[in-house]
Structures are given as C-alpha cells and as structure tokens.
Amino acid sequence: MHTNPHHTSLVAVGDSFTEGMSDLLPDGSYRGWADLLAARMAARTEDFRYANLAVRGKLIGQIVDEQIDVAAAMKADVVTLVGGLNDTLRPKCDMVRVRDLLTQAVETLAPSCEQLVLMRSPGRNGPVMERFRPRMEELFTCIDELAAKHDALVVDLYGAPVLGDQRMWDVDRLHLTAEGHRRVAEAIWQGLGHEAESDWRAELPPSLPPNWVERRVADARFAKQHLVPWIGRRLTGRSSGDGRAPKRAELAPYADEPRDRTA
C-alpha cells in the first residue's frame with residue numbers, strides 16, 4: 001500500500017450506510033462518511049471528482065441492478081461497495097443469493113477501478129445484533145474471500161468495539177451518528193494508505209447506563225418513530241428508498257454541498 005496515494009476520483013455504492021444516514025445537516029440532507037472521505041481526498045487533489053450512487057433501503061439485488069454497471073462505467077480511481085446487510089436483516093434471507101449477487105458486483109467493479117474498497121460493516125450491540133450476527137458473519141466471510149481473490153481492500157469496522165457502542169448509533173438504532181460516520185471516514189482514509197488524523201478505534205469515555213425509566217422512554221420513542229413505520233413498509237412491500245435518486249448521480253468535481261433529493 002502506497003503512503004498518501006494520489007487519487008483523483010471516488011464513487012460510493014450502496015444503501016443508507018453509504019448515503020449518510022443519520023449524519024443530518026441543518027438543511028435536512030445527510031452527509032455521511034463518503035462525503036467526509038471525498039472532502040479529504042479533494043483537499044489533496046485539484047479537480048477531484050466524486051459520485052455517490054447509494055440509496056437508503058436498497059437490497060443487494062437492487063444495488064446490482066441499479067448501481068454497479070453505472071459505477072463501473074465511471075472508471076473511478078476508488079470505488080467503495082457496501083451492500084447485503086439489509087438483506088441479512090430480513091426475516092427470510094437467501095444467503096446463497098446474497099453471496100452470488102455480491103460476487104457479481106465485485107467481479108464487475110474490481111476491473112473498473114484502481115482500488116475497490118469493501119467493508120465489514122459495524123453493528124450496534126444489543127439483542128437485534130445477536131439475532132442476526134450469524135448471517136452478518138457469513139456475509140463478512142464472503143467479503144473477505146472476494147477481497148483476497150480480487151485484490152480489494154477490506155476495512156474491518158465490525159472488528160472495532162467502539163463502533164458497536166450504542167452511543168455511536170442514532171435513535172433509529174440502524175444508522176451511525178455523525179461521530180460514527182467521522183470514524184468510518186477515518187478508517188477508510190487510513191486503509192487507503194493516508195497518514196492517520198485520529199484514532200478511529202479509540203473507546204468512548206465510560207458512562208453510567210440509562211436507568212429503567214430512560215430505557216423505557218427510549219424504547220417507546222424508537223417503536224413509534226422507527227419500528228412501526230419499518231414494519232408497515234415490510235408488510236406493504238415498500239422501501240424507504242422508493243422513488244429516491246442518488247444525491248450525487250454524476251461523477252463530477254467535488255463540492256461540499258450534499259443534498260437529500262427525491263426523484
């Protein structure tokens with residue numbers, strides 16, 4: 001790995017994790033680790049170009065159908081691919097199909113770019129994580145095997161205890177906070193061979209756990225604002241990403257003005 005490599009373009013592919021939820025900006029749009037990484041790369045390279053094709057709620061099949069060929073055609077220096085985790089959280093998940101689609105995505109993207117970046121995604125500590133951990137780890141095994149075969153970089157976010165800390169996660173319990181996204185950007189930055197700007201693995205200061213009342217209030221808020229709508233979408237076959245366009249659909253000169261748009 002070269003130290004402080006020179007990259008002129010970045011394309012990010014995936015779902016809500018890559019779109020940037022829940023790193024909310026004052027105008028109501030989302031920033032996220034991909035925008036933060038692009039900003040760092042752009043600061044070092046004149047005329048740096050960036051595209052973010054990720055859309056919340058997308059399953060790996062949708063990512064393959066809607067994003068992979070588009071990303072490959074852009075011929076970027078660096079492409080990040082994170083997908084499949086939404087599939088593992090579904091009650092019925094065909095892991096053979098997930099692995100096959102992820103393989104198809106990697107085989108298409110790897111020859112199209114200088115450096116393909118894959119990730120072992122983080123997970124919030126708690127009962128939901130424990131329920132789906134076997135599927136997640138099966139997905140990560142596939143990612144490791146594909147990376148070894150295609151010389152892709154794997155950034156191991158799952159192996160960092162701090163990113164499992166519940167304080168790193170938004171109230172929806174599915175998406176990282178702004179601090180979580182900042183740490184992911186730093187992890188990828190270092191993985192690409194740049195000098196560290198901070199210790200992204202550093203543990204948070206100790207804190208007292210919330211009391212019973214605080215936990216129940218948080219649970220009620222989560223159920224009303226996030227769990228019930230999520231169940232409703234599942235029952236009706238809808239997705240949070242339906243009708244939504246990528247915030248940066250073109251590989252264009254970077255500008256730090258992300259917008260959360262609908263089609």
# chains A, B, ... in the order shown; residues from 1 in each chain; ligands from 1
$ select_by_dssp --residues "segment 49-172 of chain A" --states "alpha helix (DSSP H)" --output "PyMOL selection string"
chain A and resi 60-63+69-74+85-88+95-109+127-150
$ select_by_dssp --residues "segment 40-248 of chain A" --states "strand (DSSP E)" --output "count of residues only"
20
$ closest_residue --among "A:Gly57, A:Gly191, A:Pro91, A:Pro134" --to "Leu116 of chain A" --atoms "only C-alpha atoms"
A:Gly191
$ closest_residue --among "A:Ala54, A:Ile60, A:Ala196, A:Leu101" --to "Gly83 of chain A" --atoms "only C-alpha atoms"
A:Ile60
$ atom_distance --atom1 "atom CA of His181 of chain A" --atom2 "atom CA of Gly193 of chain A"
18.9 Å
$ residues_around --residues "segment 163-180 of chain A" --least-positions-apart "3" --cutoff "10 Å" --atoms "only C-alpha atoms" --output "number ranges by chain"
A: 16-17, 20-25, 30-33, 121-126, 128-129, 157-160, 183-186, 200-204, 207, 218-219, 221-223, 225-227
$ closest_residue --among "A:Ala51, A:Ile188, A:Ala76, A:Ala43" --to "Glu114 of chain A" --atoms "only C-alpha atoms"
A:Ala76
$ atom_distance --atom1 "atom CA of Val96 of chain A" --atom2 "atom CA of Asp151 of chain A"
22.4 Å
$ atom_distance --atom1 "atom CA of Met41 of chain A" --atom2 "atom CA of Val162 of chain A"
24.9 Å
$ closest_residue --among "A:Met136, A:Val11, A:Val79, A:Leu251" --to "Val106 of chain A" --atoms "only C-alpha atoms"
A:Val79
$ closest_residue --among "A:Ala252, A:Leu192, A:Ala105, A:Leu36" --to "His150 of chain A" --atoms "only C-alpha atoms"
A:Ala105
